[in-house]
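Asker: Below you'll find final_21.pdb; it's PDB, N, CA and C atoms.
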MODEL        1
ATOM      1  N   MET Y   1     230.029  11.303  14.303
ATOM      2  CA  MET Y   1     230.483  11.221  15.675
ATOM      3  C   MET Y   1     231.854  10.545  15.682
ATOM      4  N   SER Y   2     232.775  11.100  16.417
ATOM      5  CA  SER Y   2     234.117  10.518  16.510
ATOM      6  C   SER Y   2     234.270   9.786  17.838
ATOM      7  N   VAL Y   3     234.904   8.614  17.756
ATOM      8  CA  VAL Y   3     235.041   7.732  18.907
ATOM      9  C   VAL Y   3     236.492   7.315  19.050
ATOM     10  N   ILE Y   4     236.978   7.269  20.273
ATOM     11  CA  ILE Y   4     238.296   6.719  20.568
ATOM     12  C   ILE Y   4     238.083   5.503  21.452
ATOM     13  N   ILE Y   5     238.732   4.404  21.088
ATOM     14  CA  ILE Y   5     238.665   3.184  21.882
ATOM     15  C   ILE Y   5     240.046   2.910  22.433
ATOM     16  N   LEU Y   6     240.140   2.805  23.746
ATOM     17  CA  LEU Y   6     241.400   2.486  24.417
ATOM     18  C   LEU Y   6     241.306   1.083  24.995
ATOM     19  N   GLY Y   7     242.305   0.267  24.711
ATOM     20  CA  GLY Y   7     242.317  -1.107  25.200
ATOM     21  C   GLY Y   7     241.554  -2.007  24.252
ATOM     22  N   GLY Y   8     241.260  -3.193  24.705
ATOM     23  CA  GLY Y   8     240.521  -4.142  23.889
ATOM     24  C   GLY Y   8     241.396  -5.291  23.433
ATOM     25  N   ASN Y   9     240.823  -6.123  22.591
ATOM     26  CA  ASN Y   9     241.535  -7.284  22.068
ATOM     27  C   ASN Y   9     242.156  -6.957  20.717
ATOM     28  N   GLU Y  10     243.415  -7.286  20.575
ATOM     29  CA  GLU Y  10     244.148  -6.964  19.352
ATOM     30  C   GLU Y  10     243.529  -7.620  18.122
ATOM     31  N   CYS Y  11     243.056  -8.850  18.273
ATOM     32  CA  CYS Y  11     242.505  -9.571  17.126
ATOM     33  C   CYS Y  11     241.127  -9.045  16.721
ATOM     34  N   MET Y  12     240.511  -8.205  17.535
ATOM     35  CA  MET Y  12     239.177  -7.684  17.230
ATOM     36  C   MET Y  12     239.186  -6.236  16.756
ATOM     37  N   GLU Y  13     240.351  -5.695  16.501
ATOM     38  CA  GLU Y  13     240.452  -4.284  16.118
ATOM     39  C   GLU Y  13     239.628  -3.969  14.875
ATOM     40  N   ARG Y  14     239.723  -4.817  13.860
ATOM     41  CA  ARG Y  14     238.973  -4.595  12.625
ATOM     42  C   ARG Y  14     237.470  -4.673  12.880
ATOM     43  N   GLN Y  15     237.039  -5.584  13.745
ATOM     44  CA  GLN Y  15     235.621  -5.724  14.065
ATOM     45  C   GLN Y  15     235.104  -4.498  14.818
ATOM     46  N   TYR Y  16     235.939  -3.937  15.688
ATOM     47  CA  TYR Y  16     235.552  -2.703  16.379
ATOM     48  C   TYR Y  16     235.299  -1.584  15.372
ATOM     49  N   LYS Y  17     236.210  -1.445  14.400
ATOM     50  CA  LYS Y  17     236.051  -0.394  13.384
ATOM     51  C   LYS Y  17     234.788  -0.597  12.563
ATOM     52  N   GLU Y  18     234.519  -1.839  12.169
ATOM     53  CA  GLU Y  18     233.335  -2.125  11.358
ATOM     54  C   GLU Y  18     232.050  -1.828  12.123
ATOM     55  N   LEU Y  19     232.024  -2.166  13.408
ATOM     56  CA  LEU Y  19     230.836  -1.883  14.207
ATOM     57  C   LEU Y  19     230.627  -0.379  14.357
ATOM     58  N   CYS Y  20     231.704   0.354  14.546
ATOM     59  CA  CYS Y  20     231.588   1.815  14.635
ATOM     60  C   CYS Y  20     231.063   2.399  13.327
ATOM     61  N   LYS Y  21     231.487   1.849  12.196
ATOM     62  CA  LYS Y  21     230.984   2.321  10.902
ATOM     63  C   LYS Y  21     229.480   2.107  10.775
ATOM     64  N   GLU Y  22     228.986   0.990  11.317
ATOM     65  CA  GLU Y  22     227.549   0.706  11.267
ATOM     66  C   GLU Y  22     226.751   1.793  11.992
ATOM     67  N   TYR Y  23     227.341   2.395  12.998
ATOM     68  CA  TYR Y  23     226.680   3.459  13.762
ATOM     69  C   TYR Y  23     227.109   4.851  13.283
ATOM     70  N   ASN Y  24     227.714   4.934  12.103
ATOM     71  CA  ASN Y  24     228.169   6.187  11.497
ATOM     72  C   ASN Y  24     229.144   6.940  12.398
ATOM     73  N   CYS Y  25     230.076   6.197  12.980
ATOM     74  CA  CYS Y  25     231.092   6.776  13.843
ATOM     75  C   CYS Y  25     232.467   6.555  13.240
ATOM     76  N   LYS Y  26     233.316   7.564  13.346
ATOM     77  CA  LYS Y  26     234.716   7.415  12.957
ATOM     78  C   LYS Y  26     235.486   7.017  14.207
ATOM     79  N   ALA Y  27     236.255   5.935  14.106
ATOM     80  CA  ALA Y  27     236.924   5.403  15.293
ATOM     81  C   ALA Y  27     238.438   5.433  15.157
ATOM     82  N   LYS Y  28     239.078   5.822  16.247
ATOM     83  CA  LYS Y  28     240.520   5.653  16.425
ATOM     84  C   LYS Y  28     240.667   4.619  17.531
ATOM     85  N   ILE Y  29     241.457   3.596  17.255
ATOM     86  CA  ILE Y  29     241.582   2.501  18.210
ATOM     87  C   ILE Y  29     243.029   2.379  18.649
ATOM     88  N   PHE Y  30     243.220   2.381  19.961
ATOM     89  CA  PHE Y  30     244.547   2.220  20.549
ATOM     90  C   PHE Y  30     244.508   0.997  21.459
ATOM     91  N   ILE Y  31     244.874  -0.153  20.915
ATOM     92  CA  ILE Y  31     244.854  -1.388  21.692
ATOM     93  C   ILE Y  31     245.955  -1.358  22.741
ATOM     94  N   LYS Y  32     247.168  -1.093  22.312
ATOM     95  CA  LYS Y  32     248.313  -0.996  23.215
ATOM     96  C   LYS Y  32     248.971   0.356  22.980
ATOM     97  N   PRO Y  33     248.492   1.389  23.634
ATOM     98  CA  PRO Y  33     249.062   2.717  23.409
ATOM     99  C   PRO Y  33     250.545   2.760  23.767
ATOM    100  N   SER Y  34     251.339   3.232  22.838
ATOM    101  CA  SER Y  34     252.765   3.389  23.103
ATOM    102  C   SER Y  34     253.120   4.860  22.955
ATOM    103  N   GLY Y  35     253.933   5.341  23.841
ATOM    104  CA  GLY Y  35     254.302   6.751  23.794
ATOM    105  C   GLY Y  35     253.182   7.628  24.331
ATOM    106  N   SER Y  36     253.298   8.889  24.064
ATOM    107  CA  SER Y  36     252.335   9.863  24.557
ATOM    108  C   SER Y  36     251.063   9.852  23.711
ATOM    109  N   LEU Y  37     249.928   9.935  24.365
ATOM    110  CA  LEU Y  37     248.646  10.030  23.667
ATOM    111  C   LEU Y  37     248.260  11.477  23.405
ATOM    112  N   LYS Y  38     249.073  12.405  23.872
ATOM    113  CA  LYS Y  38     248.738  13.819  23.829
ATOM    114  C   LYS Y  38     248.350  14.298  22.432
ATOM    115  N   ASN Y  39     249.122  13.976  21.425
ATOM    116  CA  ASN Y  39     248.859  14.459  20.069
ATOM    117  C   ASN Y  39     248.011  13.497  19.254
ATOM    118  N   LYS Y  40     247.660  12.343  19.808
ATOM    119  CA  LYS Y  40     246.925  11.328  19.064
ATOM    120  C   LYS Y  40     245.419  11.364  19.298
ATOM    121  N   LEU Y  41     244.982  11.859  20.441
ATOM    122  CA  LEU Y  41     243.572  11.753  20.803
ATOM    123  C   LEU Y  41     242.689  12.770  20.093
ATOM    124  N   GLY Y  42     243.115  13.978  19.962
ATOM    125  CA  GLY Y  42     242.300  14.999  19.324
ATOM    126  C   GLY Y  42     241.154  15.428  20.228
ATOM    127  N   ASN Y  43     239.984  15.686  19.641
ATOM    128  CA  ASN Y  43     238.810  16.137  20.384
ATOM    129  C   ASN Y  43     237.610  15.258  20.013
ATOM    130  N   PRO Y  44     237.560  14.025  20.531
ATOM    131  CA  PRO Y  44     236.472  13.110  20.152
ATOM    132  C   PRO Y  44     235.174  13.428  20.894
ATOM    133  N   ASP Y  45     234.085  12.877  20.377
ATOM    134  CA  ASP Y  45     232.793  13.016  21.044
ATOM    135  C   ASP Y  45     232.641  11.990  22.169
ATOM    136  N   LEU Y  46     233.287  10.826  22.000
ATOM    137  CA  LEU Y  46     233.148   9.735  22.960
ATOM    138  C   LEU Y  46     234.470   8.988  23.085
ATOM    139  N   MET Y  47     234.862   8.691  24.317
ATOM    140  CA  MET Y  47     236.040   7.854  24.557
ATOM    141  C   MET Y  47     235.581   6.614  25.305
ATOM    142  N   ILE Y  48     235.868   5.449  24.738
ATOM    143  CA  ILE Y  48     235.497   4.172  25.343
ATOM    144  C   ILE Y  48     236.759   3.523  25.873
ATOM    145  N   CYS Y  49     236.751   3.167  27.150
ATOM    146  CA  CYS Y  49     237.906   2.547  27.793
ATOM    147  C   CYS Y  49     237.549   1.128  28.195
ATOM    148  N   PHE Y  50     238.210   0.165  27.587
ATOM    149  CA  PHE Y  50     238.064  -1.228  28.000
ATOM    150  C   PHE Y  50     239.078  -1.461  29.105
ATOM    151  N   THR Y  51     238.643  -1.299  30.346
ATOM    152  CA  THR Y  51     239.548  -1.259  31.483
ATOM    153  C   THR Y  51     240.178  -2.603  31.816
ATOM    154  N   GLY Y  52     239.610  -3.708  31.369
ATOM    155  CA  GLY Y  52     240.190  -5.015  31.642
ATOM    156  C   GLY Y  52     241.508  -5.219  30.920
ATOM    157  N   ALA Y  53     241.748  -4.480  29.855
ATOM    158  CA  ALA Y  53     242.952  -4.659  29.048
ATOM    159  C   ALA Y  53     243.790  -3.387  28.989
ATOM    160  N   LEU Y  54     243.670  -2.552  30.011
ATOM    161  CA  LEU Y  54     244.327  -1.252  29.984
ATOM    162  C   LEU Y  54     244.934  -0.961  31.345
ATOM    163  N   SER Y  55     246.147  -0.435  31.365
ATOM    164  CA  SER Y  55     246.780  -0.118  32.640
ATOM    165  C   SER Y  55     246.177   1.157  33.230
ATOM    166  N   HIS Y  56     246.277   1.279  34.524
ATOM    167  CA  HIS Y  56     245.731   2.459  35.207
ATOM    168  C   HIS Y  56     246.463   3.725  34.780
ATOM    169  N   LYS Y  57     247.740   3.619  34.528
ATOM    170  CA  LYS Y  57     248.528   4.787  34.129
ATOM    171  C   LYS Y  57     248.062   5.331  32.784
ATOM    172  N   VAL Y  58     247.863   4.450  31.808
ATOM    173  CA  VAL Y  58     247.406   4.882  30.482
ATOM    174  C   VAL Y  58     246.012   5.484  30.582
ATOM    175  N   LEU Y  59     245.149   4.849  31.359
ATOM    176  CA  LEU Y  59     243.783   5.348  31.528
ATOM    177  C   LEU Y  59     243.776   6.745  32.148
ATOM    178  N   LYS Y  60     244.575   6.935  33.178
ATOM    179  CA  LYS Y  60     244.644   8.233  33.854
ATOM    180  C   LYS Y  60     245.183   9.317  32.925
ATOM    181  N   ASN Y  61     246.236   8.997  32.162
ATOM    182  CA  ASN Y  61     246.809   9.969  31.227
ATOM    183  C   ASN Y  61     245.808  10.355  30.147
ATOM    184  N   ALA Y  62     245.086   9.387  29.618
ATOM    185  CA  ALA Y  62     244.096   9.668  28.576
ATOM    186  C   ALA Y  62     242.971  10.547  29.110
ATOM    187  N   GLN Y  63     242.512  10.266  30.316
ATOM    188  CA  GLN Y  63     241.439  11.073  30.890
ATOM    189  C   GLN Y  63     241.899  12.497  31.168
ATOM    190  N   ASN Y  64     243.153  12.667  31.543
ATOM    191  CA  ASN Y  64     243.688  14.014  31.759
ATOM    192  C   ASN Y  64     243.768  14.792  30.454
ATOM    193  N   GLU Y  65     244.080  14.122  29.349
ATOM    194  CA  GLU Y  65     244.156  14.784  28.045
ATOM    195  C   GLU Y  65     242.784  15.206  27.544
ATOM    196  N   ILE Y  66     241.761  14.414  27.846
ATOM    197  CA  ILE Y  66     240.407  14.667  27.357
ATOM    198  C   ILE Y  66     239.661  15.681  28.222
ATOM    199  N   ARG Y  67     240.050  15.802  29.464
ATOM    200  CA  ARG Y  67     239.345  16.657  30.426
ATOM    201  C   ARG Y  67     239.162  18.074  29.887
ATOM    202  N   GLY Y  68     237.953  18.574  29.993
ATOM    203  CA  GLY Y  68     237.654  19.938  29.574
ATOM    204  C   GLY Y  68     237.254  20.068  28.121
ATOM    205  N   CYS Y  69     237.229  18.962  27.381
ATOM    206  CA  CYS Y  69     236.883  19.010  25.956
ATOM    207  C   CYS Y  69     235.419  18.701  25.690
ATOM    208  N   GLY Y  70     234.668  18.352  26.732
ATOM    209  CA  GLY Y  70     233.267  17.995  26.530
ATOM    210  C   GLY Y  70     233.092  16.596  25.978
ATOM    211  N   THR Y  71     234.071  15.752  26.168
ATOM    212  CA  THR Y  71     234.042  14.379  25.667
ATOM    213  C   THR Y  71     233.394  13.471  26.692
ATOM    214  N   ALA Y  72     232.456  12.647  26.241
ATOM    215  CA  ALA Y  72     231.844  11.654  27.121
ATOM    216  C   ALA Y  72     232.819  10.486  27.265
ATOM    217  N   VAL Y  73     232.951   9.965  28.483
ATOM    218  CA  VAL Y  73     233.859   8.848  28.745
ATOM    219  C   VAL Y  73     233.038   7.686  29.274
ATOM    220  N   GLU Y  74     233.213   6.538  28.670
ATOM    221  CA  GLU Y  74     232.478   5.341  29.056
ATOM    222  C   GLU Y  74     233.479   4.232  29.354
ATOM    223  N   HIS Y  75     233.273   3.518  30.468
ATOM    224  CA  HIS Y  75     234.167   2.442  30.876
ATOM    225  C   HIS Y  75     233.447   1.104  30.767
ATOM    226  N   SER Y  76     234.193   0.080  30.362
ATOM    227  CA  SER Y  76     233.656  -1.272  30.306
ATOM    228  C   SER Y  76     234.761  -2.236  30.704
ATOM    229  N   LYS Y  77     234.447  -3.166  31.592
ATOM    230  CA  LYS Y  77     235.449  -4.144  32.007
ATOM    231  C   LYS Y  77     235.720  -5.160  30.915
ATOM    232  N   THR Y  78     234.719  -5.457  30.109
ATOM    233  CA  THR Y  78     234.901  -6.440  29.041
ATOM    234  C   THR Y  78     235.093  -5.732  27.710
ATOM    235  N   ALA Y  79     235.873  -6.341  26.850
ATOM    236  CA  ALA Y  79     236.156  -5.765  25.536
ATOM    237  C   ALA Y  79     235.401  -6.521  24.448
ATOM    238  N   SER Y  80     234.178  -6.909  24.744
ATOM    239  CA  SER Y  80     233.401  -7.704  23.794
ATOM    240  C   SER Y  80     232.662  -6.805  22.807
ATOM    241  N   MET Y  81     232.207  -7.426  21.726
ATOM    242  CA  MET Y  81     231.444  -6.688  20.724
ATOM    243  C   MET Y  81     230.097  -6.240  21.296
ATOM    244  N   SER Y  82     229.490  -7.069  22.132
ATOM    245  CA  SER Y  82     228.197  -6.691  22.699
ATOM    246  C   SER Y  82     228.333  -5.505  23.655
ATOM    247  N   ALA Y  83     229.448  -5.432  24.384
ATOM    248  CA  ALA Y  83     229.681  -4.277  25.252
ATOM    249  C   ALA Y  83     229.838  -3.013  24.415
ATOM    250  N   LEU Y  84     230.603  -3.100  23.335
ATOM    251  CA  LEU Y  84     230.786  -1.950  22.443
ATOM    252  C   LEU Y  84     229.466  -1.556  21.794
ATOM    253  N   ARG Y  85     228.703  -2.533  21.354
ATOM    254  CA  ARG Y  85     227.408  -2.251  20.728
ATOM    255  C   ARG Y  85     226.479  -1.522  21.705
ATOM    256  N   GLY Y  86     226.455  -1.961  22.958
ATOM    257  CA  GLY Y  86     225.616  -1.303  23.960
ATOM    258  C   GLY Y  86     226.005   0.132  24.190
ATOM    259  N   ILE Y  87     227.302   0.400  24.227
ATOM    260  CA  ILE Y  87     227.779   1.773  24.422
ATOM    261  C   ILE Y  87     227.433   2.634  23.217
ATOM    262  N   LEU Y  88     227.646   2.100  22.016
ATOM    263  CA  LEU Y  88     227.344   2.879  20.808
ATOM    264  C   LEU Y  88     225.860   3.154  20.675
ATOM    265  N   GLU Y  89     225.025   2.197  21.048
ATOM    266  CA  GLU Y  89     223.581   2.435  20.991
ATOM    267  C   GLU Y  89     223.164   3.545  21.956
ATOM    268  N   LYS Y  90     223.835   3.613  23.071
ATOM    269  CA  LYS Y  90     223.528   4.633  24.077
ATOM    270  C   LYS Y  90     223.869   6.043  23.579
ATOM    271  N   TYR Y  91     224.989   6.167  22.859
ATOM    272  CA  TYR Y  91     225.468   7.501  22.470
ATOM    273  C   TYR Y  91     225.213   7.871  21.015
ATOM    274  N   ALA Y  92     225.215   6.909  20.114
ATOM    275  CA  ALA Y  92     225.154   7.238  18.682
ATOM    276  C   ALA Y  92     223.745   7.321  18.136
ATOM    277  N   CYS Y  93     222.756   6.810  18.837
ATOM    278  CA  CYS Y  93     221.385   6.830  18.301
ATOM    279  C   CYS Y  93     220.634   8.067  18.678
TER     280      CYS Y  93
ENDMDL
END
Let's see the structure in the file written out as structure tokens.
Answerer:
Amino acid sequence: MSVIILGGNECMERQYKELCKEYNCKAKIFIKPSGSLKNKLGNPDLMICFTGALSHKVLKNAQNEIRGCGTAVEHSKTASMSALRGILEKYAC
């Protein structure tokens, strides 16, 4: 399963990747997206948006790129490990 994480805490990027590996997910993490996301997102199975650390413009652009691909989108206000774990348990199990 492929996962894209938008937003989050910069110091926790490695921990996000390790947790995704535990659930057999390949993760692309964009803490501070710069430039266009058009060619970076691909066709993931799940997109996780940590909305507390993400601008509305970036969120809207990412959702427009994913639309029509059959990608599940999950939003979380907090960028904690427990929030990520809950989302992964919901989709990866």
Asker: From the list Y:Val3, Y:Leu88, Y:Met12, Y:Ala79, which residue is nearest Thr51 of chain Y when using all atoms listed in the file?
Answerer: Y:Ala79
Asker: With a distance cut-off of 8 Å and only N, CA and C atoms, select the neighbouring residues of Ala92 of chain Y, excluding the residue or stretch itself and same-chain residues fewer than 6 positions from it, and output the selection as a PDB file with N, CA and C atoms, in the frame of the given file.
Answerer:
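Wrote it out as out-v1.pdb, contents follow:
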ATOM      1  N   MET Y   1     230.029  11.303  14.303  1.00  0.00           N
ATOM      2  CA  MET Y   1     230.483  11.221  15.675  1.00  0.00           C
ATOM      3  C   MET Y   1     231.854  10.545  15.682  1.00  0.00           C
ATOM      4  N   TYR Y  23     227.341   2.395  12.998  1.00  0.00           N
ATOM      5  CA  TYR Y  23     226.680   3.459  13.762  1.00  0.00           C
ATOM      6  C   TYR Y  23     227.109   4.851  13.283  1.00  0.00           C
ATOM      7  N   ASN Y  24     227.714   4.934  12.103  1.00  0.00           N
ATOM      8  CA  ASN Y  24     228.169   6.187  11.497  1.00  0.00           C
ATOM      9  C   ASN Y  24     229.144   6.940  12.398  1.00  0.00           C
ATOM     10  N   CYS Y  25     230.076   6.197  12.980  1.00  0.00           N
ATOM     11  CA  CYS Y  25     231.092   6.776  13.843  1.00  0.00           C
ATOM     12  C   CYS Y  25     232.467   6.555  13.240  1.00  0.00           C
ATOM     13  N   GLY Y  86     226.455  -1.961  22.958  1.00  0.00           N
ATOM     14  CA  GLY Y  86     225.616  -1.303  23.960  1.00  0.00           C
ATOM     15  C   GLY Y  86     226.005   0.132  24.190  1.00  0.00           C
TER      16      GLY Y  86
END
Asker: For the provided coordinates, the residues matched by the PyMOL selection byres ((chain Y and resi 4) around 6.5) should be stated as a ChimeraX atom specification.
Answerer: /Y:2-3,5-6,26-30,44-49
Asker: As an exercise, work out the distance from atom CA of Gly35 of chain Y to atom CA of Asn64 of chain Y in Å and give it to one decimal place.
Answerer: 15.1 Å
Asker: For the strand (DSSP E) assignment from backbone DSSP, which residues of chain Y qualify? Please present them as a ChimeraX atom specification.
Answerer: /Y:2-6,26-30,46-50,72-76
Asker: May I have the centre and edge lengths, in Å to one decimal, of an axis-aligned box around the listed atoms of segment 12-31 of chain Y with 5 Å added to every side, as lines of an AutoDock Vina configuration file?
Answerer:
center_x = 236.3
center_y = -0.3
center_z = 16.8
size_x = 29.3
size_y = 25.8
size_z = 22.0
Asker: Choose the residue, out of Y:Leu37, Y:Cys69, Y:Met81, Y:Ile87, that has the smallest atom-to-atom separation from Gln15 of chain Y; count only N, CA and C atoms.
Answerer: Y:Met81
Asker: Could you give me, as an MDAnalysis selection string, the residues that sit within 12 Å of (243.2, -0.6, 30.1) in the file's coordinates, counting only C-alpha atoms?
Answerer: chainID Y and resid 5:9 30:33 48:63 75:79
Asker: Which of these residues is nearest to Gly42 of chain Y, using all atoms listed in the file: Y:Glu74, Y:Glu10, Y:Glu65, Y:Glu89?
Answerer: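 Closest candidate: Y:Glu65.
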Asker: Please measure the separation of atom N of Glu13 of chain Y and atom N of Leu41 of chain Y, giving the value in Å to one decimal.
Answerer: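 These atoms are spaced 18.6 Å apart.
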